[in-house]
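Peer 1: One structure follows; several queries about it will come next.
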Amino acid sequence: MSAANWRGAMNVQTPRPVAPGNPRAGAAHEPRARRFTNPIRPRHVVVLAFLLGYPWFATPFFTFQIAAQALALGLIALSLTFLGGYGGMISLAQMTVAGIAGYMVAIFGSAAADNPSLGWPWWLAVLLGIAIAVVAATFIGWLSVRTEGIYTIMITLAIGVAFYYLALQNYAVFNGFQGKQQVFPPTLAGVYWRDPTPFYYLALASALAGYLFVVYLLRAPFGIALQGIRDNPRRMHALGFNVTAHRVAAYAVAGVIAAVGGVLFTWYNGLVTPGSVGTGWLINILVIAVLGGMRHPVGAFLGAIVFVLLQNFAIDVIDRERFNLVIGVVFLAIVLFSRDGLLGWWAALSARMSTHTGGTPWRAASRRSYVR
Amino acid sequence: MESRKPTFVRALVAAVVLAAAGGAAFAQAPPVKIGLLATLEGPFAAGGQDGMRGAELAVRQRNGMVAGRKIEIIKASSDAKPDVAVNATRKLVEQDKVDIMVGPLSGSEGIAVKEYSKTQPNITFINGSSGAQATTLVNPSPNFFRFNTDGGQWMVGLGKAALDKGYKRVMVIAEDYAFPYSQVQGFMAEYCRLGGKVPVKAWVPLGGKDYSSVIARIPKDVDALVVVLGGADAVNFLNQYEQAGGDKPLIGGSITVSQDILNYRGKRRDSLVGTIAGAPIADAYDAPEWKAFVADYKKNFPDGYPSPSLFALVYYFNMKATLDGLEAVKGDLSDGQKKYREALTKLVLKTPVGDVKLDQNRQAIGTTFVTEVVKDAQGNLYNKVLRKIDNVNQTLGLPPAEFKIGSRDEPNCP
Amino acid sequence: MTRFWKGFWALLIGVPLLAFTVWGLQDNPRLFVVTLLNGLTLASLYFIVASGFTLVFGLMRNVNLAHGSLYLLGGYLGFFTAQFTGSWLLALAAGFAAAAVVGLAMQVSIFRFMPGQDLRQTLVTIGLSIVIADLLMWAIGAQVHQMSPPASLDGPLRGLPVIRVYSTYRLSLLPIGIAIGVALWLFLNRTRIGMMIRAGVDDRGMLAAVGVNVNLVFATTFAIGAGLAGFGGVIGAVELSMVPGEDTRLLLVSLVVVIVGGMGSVVGAAVGAAIFGLAETYGLAYAPTYSVVFTFVILVLVLAFRPLGILGRPA
């Protein structure tokens, strides 16, 4: 299957504001001109206020284990949403990139003693971790870029598992099954950044930065070109774009986002082990991204919140041992009955409720023909 | 209208009665919440289930009450992975607000939970069955207590028994993580010192299935194989070894000849007869306290194993210690649980197989058995006691300066 | 590929292999030959499981990530059948049938309604694999289930040259794998349905236009592909035992075998299985620490230079 069939495969409609009756010139240029001046709607303000004020009314457990974990996981899933939803390349190796960043921070920084770490200053370790993870993401991209669609899933899964076995079997660098323990953020300006509230704000800041970056990038020439490559690589190639380079660059950008998420997630856990990058977690990230919906970057975070809530509270509602069954059934239900996860349900709901304006753009967009 | 008045009165009386009862309930001491963590998924799921049975037995023996307070057990599950164990522990401690935490089951999880315990100084953490040496020997945590002996201690006496049987050269086949390192170290410390030789060590990944290559590498001139594998790995290896025509005698690790392996659904069990092993448990131990324990286990859990497994016994130790300590301080967990921890440090735990005391790292000094697998009249396999050794400490009798933790290369005597 | 490059690659890969063979035979001939047999027999098992996977993918472009769960299902059912009836052959049939039925159900009730949405089908198979694996664990528990080989194949075979002794059952995997391979080839190339399947692989639309009931062909193919997984499960239950977690392992193996060998090609699955099985066993025998990484390095190298696999064809 070629990447051009992504939209057909998932029936995802990218909202394109088509002003009826206007010549193409005016309407087509609109998204470009409105780069960062998207009107700030009331719902944005409400959500932001809620997020900023959250630690004041939530318990430390909810702030740390639920919210901060969801933000870190959401960031990693965001990289998959960017790559998959907007680039048409579903890569199961995003958690691998995140894990590599975490491992590098543990190796270059300080970690528990049974396997010596280099003990470099934390900012150097974090920078190196992200840099090495981006290099790894580029390498994964280079390997996978000649494949499309399903093939990409299979190959990135195999690469992810290869890294898992490397981390599992190597003791000199990765400390094998035990992994690296005691990987913590530093104490800066008198604040220990792993305390629930500071860590939550750290995660929130990173998640906001990542989200805004992705939203911006998607309207910048790079992002538009990427979506064009997703829809019709042959046409883009004919227009003079270097399709392969664009795709590899997309992997690298997604790698940066996943790496930051990975560092946060490792700091949250306080450890990084081969289990953190095993098949279970590789697939969990895909579940999170699909759960939330790939049509908009916020879907990744929605999916992460649902996932973390299920993970922590399924044991209270259903037997803990059946947690996987619950996740699997929820995932199946969403894939079978919704075109695009929670966001897809929301869109269908709001389209049904708004009688006239909701209808037109979708139908107009769906009249476009697909050149296969 | 008349029908409403009696209803109203009845409701009022009921409300008063309920309020009185509620008030009475509030007047009693609050229940003590104990979190219980075991692996109920993944490679040690069967062992985890039995561990939970052992812990529950300790609670049932006290009829669910200790020092006038009700015991409330909140269970959680992990899958032998350290990060899952820490997440489950964190939920129990921070969300469910347990007072005491009992668990985890496997070696690597124990090390991770110990590190977590350092961030919660006001909660007491007691081990489940994790048996890696590093948990209490390397950077121990002041509020992590282990009332079971570790993997190395479980192998004391086995080296000498192997030489007594005439095995002068052995090959080691073990899984590649913390617990088997401890077991191999415990065996080799004694074996090498008494003149035995270990020319080859084969470390296989946990969950690896194909042992044909390892079996092909077994040299002709070794007298026996030291097999430290657990669960599915042990079953696979034993099956493939016999199918390939292997006939060397085996020396088993503590979980290689436990009840769940001796009872696995399959026919290959006969090749296990004659295997010697080291463990904190021996099915056929003759003492009355042990027999009473086994009877109690069978009565409470008719769907459990024919005899409690290692996991059940060891979880029982730790839960019993938890409750005995609570009894000693009369349920007083105030002041950051300081008095409770002091009581635990001084506790002499009476178990069905002997007494357990703690050393300066809050690690147990206890009893180890050397056993041999025999078949009884009905054809069932069980572990016969060859030797019982009391007061085994974590450095296995060696001076602490000389003692080195087990790793892939340490100890070595080719 | 020009003749020069073909010769170049043949030398680059062939010479080190030859050198290794010579060294191995002279260093420890028994170990070398035993490992060769181990690798080929393991490859047979992998081939049986992977062939079902590639059949489904080749025709329907459906990456069935629940393939491993079908393996597990077939294995467990075969185990209980053998326990109940005492017959290994019945167990094989039961394992095949059970997986085939479940596969058929999946195709008819779910995938038929998502034509062309390959990605969505893949996501559904991921969800199904999680659900099936957990249901099996709930119903059957987490203990090890080790099936015994049939009496005729039980025990070691003694008196062999060079290697002296070898497991009879394991040796029998080789003819079983070859038989399945030949049967599949005959099915695909010498029967009408096989002809329709091959036509469908090339051009699905044309097949429908010619009047063939495409849904029936799809259903048959999915059933056979799933059945092969179940059949492999019963064989694996004897050799490698059944335990939760086997599904993910065998799925990954099938993925790697099919990627290396070329997707949609049964001969490619055989080639990929041979390479993978031999690499894994030789790695375990001579360099155990990194054996698994070694096999994945091979995967990465194949991908870097032949992205569609050794015998793969573009979609």
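Numbering starts fresh at 1 for the residues of each chain in the structure tokens, the chains themselves are lettered A, B, ... in the order given, and ligands are numbered from 1 as they appear.
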When you look at range 20-26 of chain C with a cut-off of 12 Å (counting only C-alpha atoms), what residues show up, excluding the ones that are within fewer than 6 positions of it in the same chain? I need them as a VMD selection string.

Peer 2: chain C and resid 13 to 14 32 to 36 162 to 163 282 285 to 286

Peer 1: Could those selected residues go to a file with all heavy atoms, as a compact mmCIF listing (two decimals), in the first residue's frame?

Peer 2:
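Output below, filename selection.txt:
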```
# COMPACT_ATOMS: atom_id res chain seq x y z
N ILE C 13 29.61 -12.19 0.88
CA ILE C 13 28.90 -13.02 1.85
C ILE C 13 29.46 -14.42 1.86
O ILE C 13 29.62 -15.05 2.90
CB ILE C 13 27.40 -13.05 1.52
CG1 ILE C 13 26.85 -11.63 1.59
CG2 ILE C 13 26.67 -13.94 2.47
CD1 ILE C 13 25.41 -11.55 1.18
N GLY C 14 29.81 -14.92 0.68
CA GLY C 14 30.20 -16.32 0.58
C GLY C 14 31.56 -16.62 1.21
O GLY C 14 31.71 -17.64 1.89
N PHE C 32 29.51 -28.34 15.14
CA PHE C 32 29.14 -27.65 13.90
C PHE C 32 27.96 -28.35 13.23
O PHE C 32 26.99 -27.71 12.82
CB PHE C 32 30.34 -27.60 12.96
CG PHE C 32 30.13 -26.69 11.80
CD1 PHE C 32 30.36 -25.34 11.92
CD2 PHE C 32 29.66 -27.18 10.59
CE1 PHE C 32 30.15 -24.48 10.85
CE2 PHE C 32 29.45 -26.34 9.51
CZ PHE C 32 29.69 -24.98 9.65
N VAL C 33 28.05 -29.69 13.11
CA VAL C 33 26.99 -30.40 12.40
C VAL C 33 25.70 -30.40 13.21
O VAL C 33 24.60 -30.25 12.66
CB VAL C 33 27.43 -31.84 12.07
CG1 VAL C 33 26.32 -32.59 11.37
CG2 VAL C 33 28.67 -31.82 11.21
N VAL C 34 25.83 -30.57 14.53
CA VAL C 34 24.62 -30.53 15.37
C VAL C 34 23.95 -29.18 15.25
O VAL C 34 22.72 -29.07 15.13
CB VAL C 34 24.98 -30.82 16.84
CG1 VAL C 34 23.81 -30.46 17.74
CG2 VAL C 34 25.33 -32.26 17.05
N THR C 35 24.74 -28.12 15.27
CA THR C 35 24.17 -26.79 15.14
C THR C 35 23.49 -26.61 13.79
O THR C 35 22.44 -25.97 13.68
CB THR C 35 25.25 -25.73 15.34
OG1 THR C 35 26.00 -26.05 16.49
CG2 THR C 35 24.64 -24.36 15.53
N LEU C 36 24.11 -27.19 12.75
CA LEU C 36 23.49 -27.10 11.43
C LEU C 36 22.11 -27.75 11.44
O LEU C 36 21.12 -27.18 10.97
CB LEU C 36 24.39 -27.80 10.40
CG LEU C 36 23.89 -27.78 8.96
CD1 LEU C 36 23.94 -26.38 8.41
CD2 LEU C 36 24.72 -28.71 8.08
N VAL C 162 29.19 -38.81 12.91
CA VAL C 162 29.67 -37.50 13.36
C VAL C 162 28.98 -37.01 14.63
O VAL C 162 29.61 -36.67 15.61
CB VAL C 162 29.53 -36.40 12.27
CG1 VAL C 162 30.14 -35.09 12.79
CG2 VAL C 162 30.24 -36.81 11.02
N ILE C 163 27.63 -36.98 14.62
CA ILE C 163 26.98 -36.37 15.77
C ILE C 163 26.54 -37.38 16.81
O ILE C 163 26.14 -37.02 17.90
CB ILE C 163 25.77 -35.53 15.35
CG1 ILE C 163 24.80 -36.38 14.54
CG2 ILE C 163 26.20 -34.34 14.55
CD1 ILE C 163 23.56 -35.65 14.16
N TYR C 282 23.42 -20.77 15.16
CA TYR C 282 24.88 -20.62 15.16
C TYR C 282 25.30 -19.53 16.14
O TYR C 282 26.31 -19.65 16.83
CB TYR C 282 25.41 -20.32 13.75
CG TYR C 282 25.70 -21.60 12.99
CD1 TYR C 282 24.83 -22.07 12.02
CD2 TYR C 282 26.83 -22.34 13.29
CE1 TYR C 282 25.09 -23.25 11.36
CE2 TYR C 282 27.10 -23.51 12.63
CZ TYR C 282 26.22 -23.97 11.66
OH TYR C 282 26.47 -25.15 11.02
N ALA C 285 25.21 -20.93 19.57
CA ALA C 285 26.25 -21.92 19.85
C ALA C 285 27.63 -21.29 19.97
O ALA C 285 28.41 -21.66 20.83
CB ALA C 285 26.27 -22.97 18.74
N TYR C 286 27.92 -20.31 19.11
CA TYR C 286 29.28 -19.79 19.08
C TYR C 286 29.43 -18.44 19.75
O TYR C 286 30.52 -18.06 20.13
CB TYR C 286 29.78 -19.72 17.62
CG TYR C 286 30.07 -21.09 17.05
CD1 TYR C 286 29.12 -21.77 16.32
CD2 TYR C 286 31.29 -21.71 17.28
CE1 TYR C 286 29.39 -23.04 15.81
CE2 TYR C 286 31.56 -22.96 16.78
CZ TYR C 286 30.61 -23.63 16.04
OH TYR C 286 30.86 -24.87 15.55
```

Peer 1: Could you pull out the residues in range 103-299 of chain A that DSSP calls strand (DSSP E) from the backbone, as a list in words?

Peer 2: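 Of range 103-299 of chain A, the ones in strand (DSSP E) are Lys180, Gln181, Thr187, Leu188, Val191, Tyr192, Leu271 and Val272 of chain A.
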
Peer 1: Write out, as an mmCIF file, in the first residue's frame, the residues just selected, with all heavy atoms.

Peer 2:
```
data_model
loop_
_atom_site.group_PDB
_atom_site.id
_atom_site.type_symbol
_atom_site.label_atom_id
_atom_site.label_comp_id
_atom_site.auth_asym_id
_atom_site.auth_seq_id
_atom_site.Cartn_x
_atom_site.Cartn_y
_atom_site.Cartn_z
ATOM 1 N N LYS A 180 19.149 0.619 34.269
ATOM 2 C CA LYS A 180 19.772 1.679 35.066
ATOM 3 C C LYS A 180 18.763 2.197 36.074
ATOM 4 O O LYS A 180 17.683 2.653 35.707
ATOM 5 C CB LYS A 180 20.203 2.830 34.143
ATOM 6 C CG LYS A 180 21.131 2.407 33.047
ATOM 7 C CD LYS A 180 22.467 2.000 33.571
ATOM 8 C CE LYS A 180 23.605 2.723 32.944
ATOM 9 N NZ LYS A 180 24.853 2.454 33.626
ATOM 10 N N GLN A 181 19.145 2.133 37.336
ATOM 11 C CA GLN A 181 18.235 2.605 38.391
ATOM 12 C C GLN A 181 18.659 4.003 38.844
ATOM 13 O O GLN A 181 19.749 4.460 38.528
ATOM 14 C CB GLN A 181 18.336 1.670 39.597
ATOM 15 C CG GLN A 181 18.290 0.210 39.254
ATOM 16 C CD GLN A 181 16.894 -0.269 39.092
ATOM 17 O OE1 GLN A 181 16.000 0.255 39.723
ATOM 18 N NE2 GLN A 181 16.685 -1.259 38.264
ATOM 19 N N THR A 187 18.564 18.853 41.319
ATOM 20 C CA THR A 187 17.989 19.862 42.216
ATOM 21 C C THR A 187 18.515 21.209 41.770
ATOM 22 O O THR A 187 19.720 21.461 41.839
ATOM 23 C CB THR A 187 18.435 19.593 43.661
ATOM 24 O OG1 THR A 187 18.023 18.275 44.003
ATOM 25 C CG2 THR A 187 17.802 20.585 44.605
ATOM 26 N N LEU A 188 17.630 22.055 41.262
ATOM 27 C CA LEU A 188 18.064 23.341 40.719
ATOM 28 C C LEU A 188 17.365 24.455 41.441
ATOM 29 O O LEU A 188 16.171 24.398 41.669
ATOM 30 C CB LEU A 188 17.649 23.442 39.247
ATOM 31 C CG LEU A 188 18.584 22.889 38.188
ATOM 32 C CD1 LEU A 188 18.043 23.295 36.842
ATOM 33 C CD2 LEU A 188 19.982 23.447 38.362
ATOM 34 N N VAL A 191 15.067 23.701 44.209
ATOM 35 C CA VAL A 191 13.878 22.870 44.007
ATOM 36 C C VAL A 191 14.317 21.510 43.496
ATOM 37 O O VAL A 191 15.104 21.423 42.563
ATOM 38 C CB VAL A 191 12.947 23.533 42.960
ATOM 39 C CG1 VAL A 191 11.806 22.604 42.617
ATOM 40 C CG2 VAL A 191 12.434 24.859 43.482
ATOM 41 N N TYR A 192 13.791 20.461 44.148
ATOM 42 C CA TYR A 192 14.069 19.126 43.640
ATOM 43 C C TYR A 192 13.031 18.812 42.585
ATOM 44 O O TYR A 192 11.847 18.686 42.882
ATOM 45 C CB TYR A 192 14.023 18.107 44.773
ATOM 46 C CG TYR A 192 14.266 16.696 44.309
ATOM 47 C CD1 TYR A 192 15.327 16.385 43.464
ATOM 48 C CD2 TYR A 192 13.430 15.656 44.705
ATOM 49 C CE1 TYR A 192 15.533 15.103 43.030
ATOM 50 C CE2 TYR A 192 13.638 14.359 44.281
ATOM 51 C CZ TYR A 192 14.700 14.095 43.443
ATOM 52 O OH TYR A 192 14.904 12.807 43.011
ATOM 53 N N LEU A 271 13.963 5.050 36.579
ATOM 54 C CA LEU A 271 14.803 3.971 36.085
ATOM 55 C C LEU A 271 14.492 3.753 34.612
ATOM 56 O O LEU A 271 13.482 4.213 34.106
ATOM 57 C CB LEU A 271 14.560 2.684 36.884
ATOM 58 C CG LEU A 271 13.126 2.221 37.084
ATOM 59 C CD1 LEU A 271 12.546 1.487 35.907
ATOM 60 C CD2 LEU A 271 13.078 1.273 38.283
ATOM 61 N N VAL A 272 15.406 3.066 33.931
ATOM 62 C CA VAL A 272 15.143 2.668 32.551
ATOM 63 C C VAL A 272 15.682 1.252 32.379
ATOM 64 O O VAL A 272 16.826 0.974 32.743
ATOM 65 C CB VAL A 272 15.775 3.658 31.539
ATOM 66 C CG1 VAL A 272 17.267 3.797 31.737
ATOM 67 C CG2 VAL A 272 15.482 3.226 30.132
#
```

Peer 1: Quick check: residues of chain B within 6 Å of chain A, only C-alpha atoms, returned as a PyMOL selection string.

Peer 2: chain B and resi 94-95+108

Peer 1: Could you list, as a PyMOL selection string, every residue within 9 Å of Val257 in chain B, counting only C-alpha atoms and ignoring same-chain residues fewer than 6 positions away?

Peer 2: chain B and resi 230+234+272+275-277+373+382-383

Peer 1: Those same residues, written as a compact mmCIF listing (two decimals), in the first residue's frame with all heavy atoms?

Peer 2:
```
# COMPACT_ATOMS: atom_id res chain seq x y z
N GLY B 230 14.29 -21.26 35.91
CA GLY B 230 13.01 -21.33 36.59
C GLY B 230 11.87 -21.46 35.61
O GLY B 230 12.02 -21.17 34.44
N ALA B 234 13.03 -23.94 32.74
CA ALA B 234 13.48 -25.22 33.29
C ALA B 234 12.80 -26.37 32.57
O ALA B 234 13.43 -27.36 32.20
CB ALA B 234 13.18 -25.28 34.78
N LEU B 272 14.40 -36.36 36.48
CA LEU B 272 14.80 -35.49 37.58
C LEU B 272 15.18 -36.27 38.83
O LEU B 272 15.76 -35.70 39.75
CB LEU B 272 13.65 -34.55 37.94
CG LEU B 272 13.42 -33.40 36.97
CD1 LEU B 272 12.19 -32.63 37.40
CD2 LEU B 272 14.60 -32.49 36.94
N THR B 275 18.28 -35.64 41.46
CA THR B 275 18.84 -34.29 41.40
C THR B 275 18.99 -33.71 42.79
O THR B 275 18.05 -33.73 43.57
CB THR B 275 17.89 -33.39 40.59
OG1 THR B 275 17.66 -33.99 39.33
CG2 THR B 275 18.47 -32.02 40.40
N ILE B 276 20.17 -33.17 43.09
CA ILE B 276 20.33 -32.49 44.37
C ILE B 276 20.16 -31.00 44.15
O ILE B 276 20.46 -30.48 43.08
CB ILE B 276 21.71 -32.77 45.03
CG1 ILE B 276 22.84 -32.50 44.03
CG2 ILE B 276 21.78 -34.18 45.53
CD1 ILE B 276 24.20 -32.60 44.66
N ALA B 277 19.67 -30.33 45.18
CA ALA B 277 19.41 -28.90 45.06
C ALA B 277 19.52 -28.24 46.42
O ALA B 277 19.54 -28.90 47.46
CB ALA B 277 18.01 -28.67 44.48
N VAL B 373 15.84 -35.17 44.88
CA VAL B 373 14.52 -35.52 44.34
C VAL B 373 14.36 -37.03 44.36
O VAL B 373 15.21 -37.77 43.86
CB VAL B 373 14.37 -35.00 42.89
CG1 VAL B 373 13.06 -35.45 42.30
CG2 VAL B 373 14.49 -33.50 42.86
N TYR B 382 9.11 -35.74 44.95
CA TYR B 382 9.20 -34.75 46.01
C TYR B 382 10.67 -34.61 46.43
O TYR B 382 11.51 -35.39 46.02
CB TYR B 382 8.31 -35.13 47.20
CG TYR B 382 8.79 -36.35 47.95
CD1 TYR B 382 9.54 -36.22 49.12
CD2 TYR B 382 8.48 -37.62 47.51
CE1 TYR B 382 9.99 -37.33 49.80
CE2 TYR B 382 8.92 -38.74 48.19
CZ TYR B 382 9.67 -38.58 49.34
OH TYR B 382 10.11 -39.69 50.03
N ASN B 383 10.95 -33.59 47.27
CA ASN B 383 12.32 -33.30 47.68
C ASN B 383 12.60 -33.88 49.05
O ASN B 383 12.02 -33.47 50.05
CB ASN B 383 12.52 -31.78 47.72
CG ASN B 383 12.57 -31.18 46.34
OD1 ASN B 383 13.33 -31.61 45.50
ND2 ASN B 383 11.73 -30.19 46.09
```

Peer 1: Find the residues in chain C near chain A: any atom within 6 Å counts, using only C-alpha atoms. Write them as a ChimeraX atom specification.

Peer 2: /C:117,127,130-131,134,293,296,304

Peer 1: Taking N, CA, C and O atoms for each residue, export the selection above as a PDB file, in the first residue's frame.

Peer 2:
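The result, stored in result_2.pdb:
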```pdb
ATOM      1  N   GLN C 117      -8.798  -0.925   3.587  1.00  0.00           N
ATOM      2  CA  GLN C 117      -8.259  -0.122   4.692  1.00  0.00           C
ATOM      3  C   GLN C 117      -7.219  -0.951   5.424  1.00  0.00           C
ATOM      4  O   GLN C 117      -7.431  -1.416   6.528  1.00  0.00           O
ATOM      5  N   GLY C 127      -5.287  -5.159  18.257  1.00  0.00           N
ATOM      6  CA  GLY C 127      -6.241  -5.243  19.359  1.00  0.00           C
ATOM      7  C   GLY C 127      -6.673  -6.677  19.612  1.00  0.00           C
ATOM      8  O   GLY C 127      -6.740  -7.140  20.754  1.00  0.00           O
ATOM      9  N   ILE C 130      -4.057  -8.690  21.530  1.00  0.00           N
ATOM     10  CA  ILE C 130      -4.035  -8.425  22.972  1.00  0.00           C
ATOM     11  C   ILE C 130      -5.186  -9.159  23.649  1.00  0.00           C
ATOM     12  O   ILE C 130      -5.005  -9.811  24.687  1.00  0.00           O
ATOM     13  N   VAL C 131      -6.380  -9.073  23.036  1.00  0.00           N
ATOM     14  CA  VAL C 131      -7.563  -9.676  23.668  1.00  0.00           C
ATOM     15  C   VAL C 131      -7.439 -11.197  23.708  1.00  0.00           C
ATOM     16  O   VAL C 131      -7.676 -11.822  24.750  1.00  0.00           O
ATOM     17  N   ASP C 134      -4.939 -12.447  26.295  1.00  0.00           N
ATOM     18  CA  ASP C 134      -5.386 -12.351  27.676  1.00  0.00           C
ATOM     19  C   ASP C 134      -6.487 -13.354  27.982  1.00  0.00           C
ATOM     20  O   ASP C 134      -6.536 -13.929  29.067  1.00  0.00           O
ATOM     21  N   VAL C 293      20.821 -10.272  18.823  1.00  0.00           N
ATOM     22  CA  VAL C 293      21.153  -9.014  18.160  1.00  0.00           C
ATOM     23  C   VAL C 293      21.725  -9.296  16.781  1.00  0.00           C
ATOM     24  O   VAL C 293      21.435  -8.604  15.811  1.00  0.00           O
ATOM     25  N   PHE C 296      19.095  -9.790  14.260  1.00  0.00           N
ATOM     26  CA  PHE C 296      18.471  -8.551  13.834  1.00  0.00           C
ATOM     27  C   PHE C 296      19.399  -7.691  13.001  1.00  0.00           C
ATOM     28  O   PHE C 296      18.941  -6.917  12.158  1.00  0.00           O
ATOM     29  N   ALA C 304      18.600  -2.641   4.425  1.00  0.00           N
ATOM     30  CA  ALA C 304      19.332  -1.500   3.893  1.00  0.00           C
ATOM     31  C   ALA C 304      19.598  -1.671   2.405  1.00  0.00           C
ATOM     32  O   ALA C 304      19.603  -0.704   1.652  1.00  0.00           O
TER      33      ALA C 304
END
```

Peer 1: Find the residues around range 148-160 of chain C up to 6 Å (only C-alpha atoms counted), leave out those fewer than 6 positions away in its own chain, and share them as a ChimeraX atom specification.

Peer 2: /B:243-245 /C:88,166-169,238

Peer 1: Please identify every residue of chain B that has at least one atom no more than 10 Å from any atom of chain C, counting only C-alpha atoms, and report them as number ranges by chain.

Peer 2: B: 40-47, 49, 176, 202-205, 207-218, 231-237, 239-246, 260-261, 264-268

Peer 1: Interatomic distance between CA of Leu59 in chain C and CA of Gly312 in chain C?

Peer 2: 13.6 Å

Peer 1: Which neighbours of range 125-135 of chain A fall inside 8 Å, counting only C-alpha atoms, when residues of the same chain fewer than 5 positions from it are skipped, and could you give them as a PyMOL selection string?

Peer 2: chain A and resi 97-98+100-106+108-109+120+252-253+255-256+259-260+263

Peer 1: So how far away is CA of Gly278 in chain A from CA of Ala226 in chain C, in Å?

Peer 2: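 These two atoms are separated by 25.6 Å.
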
Peer 1: Which residues are close to range 122-127 of chain B, i.e. within 7 Å by only C-alpha atoms, leaving aside same-chain residues fewer than 2 positions away? Reply as a ChimeraX atom specification.

Peer 2: /B:99-104,117,120,129-130,143-146,318,336-337

Peer 1: Extract, using only C-alpha atoms, all DNA, RNA and protein residues at most 8 Å from Leu229 in chain B, discarding same-chain residues fewer than 5 positions from it, and format them as a list in words.

Peer 2: Ile173, Ala174, Glu175, Pro180, Ala234, Gly253, Ile255 and Thr256 of chain B

Peer 1: Dump N, CA, C and O atoms for the selected residues as a compact mmCIF listing (two decimals), in the first residue's frame?

Peer 2:
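Wrote it out as part_6.txt, contents follow:
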```
# COMPACT_ATOMS: atom_id res chain seq x y z
N ILE B 173 24.54 -23.84 33.81
CA ILE B 173 23.59 -23.30 32.83
C ILE B 173 22.58 -22.50 33.63
O ILE B 173 21.84 -23.05 34.43
N ALA B 174 22.58 -21.18 33.45
CA ALA B 174 21.73 -20.34 34.29
C ALA B 174 21.20 -19.16 33.49
O ALA B 174 21.77 -18.76 32.48
N GLU B 175 20.08 -18.59 33.99
CA GLU B 175 19.50 -17.42 33.35
C GLU B 175 20.35 -16.20 33.65
O GLU B 175 21.02 -16.12 34.68
N PRO B 180 19.88 -15.58 39.45
CA PRO B 180 20.79 -16.70 39.21
C PRO B 180 22.25 -16.39 39.50
O PRO B 180 23.00 -17.29 39.90
N ALA B 234 13.03 -23.94 32.74
CA ALA B 234 13.48 -25.22 33.29
C ALA B 234 12.80 -26.37 32.57
O ALA B 234 13.43 -27.36 32.20
N GLY B 253 19.04 -25.40 40.93
CA GLY B 253 18.88 -24.19 41.72
C GLY B 253 17.59 -24.29 42.51
O GLY B 253 16.84 -25.26 42.40
N ILE B 255 14.70 -22.75 42.40
CA ILE B 255 13.39 -22.79 41.77
C ILE B 255 13.36 -23.77 40.60
O ILE B 255 12.38 -23.85 39.89
N THR B 256 14.45 -24.53 40.43
CA THR B 256 14.46 -25.50 39.34
C THR B 256 13.70 -26.76 39.72
O THR B 256 13.12 -27.41 38.86
```

Peer 1: Please extract the residues of range 194-344 of chain A with a backbone DSSP assignment of alpha helix (DSSP H) and present them as a ChimeraX atom specification.

Peer 2: /A:196-219,221-231,233-238,243-269,279-292,298-317,323-337,341-344

Peer 1: Just to confirm, what's the straight-line distance from CA of Leu302 in chain A to CA of Leu75 in chain A in Å (one decimal)?

Peer 2: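 Answer for the CA of Leu302 in chain A to CA of Leu75 in chain A separation: 10.9 Å.
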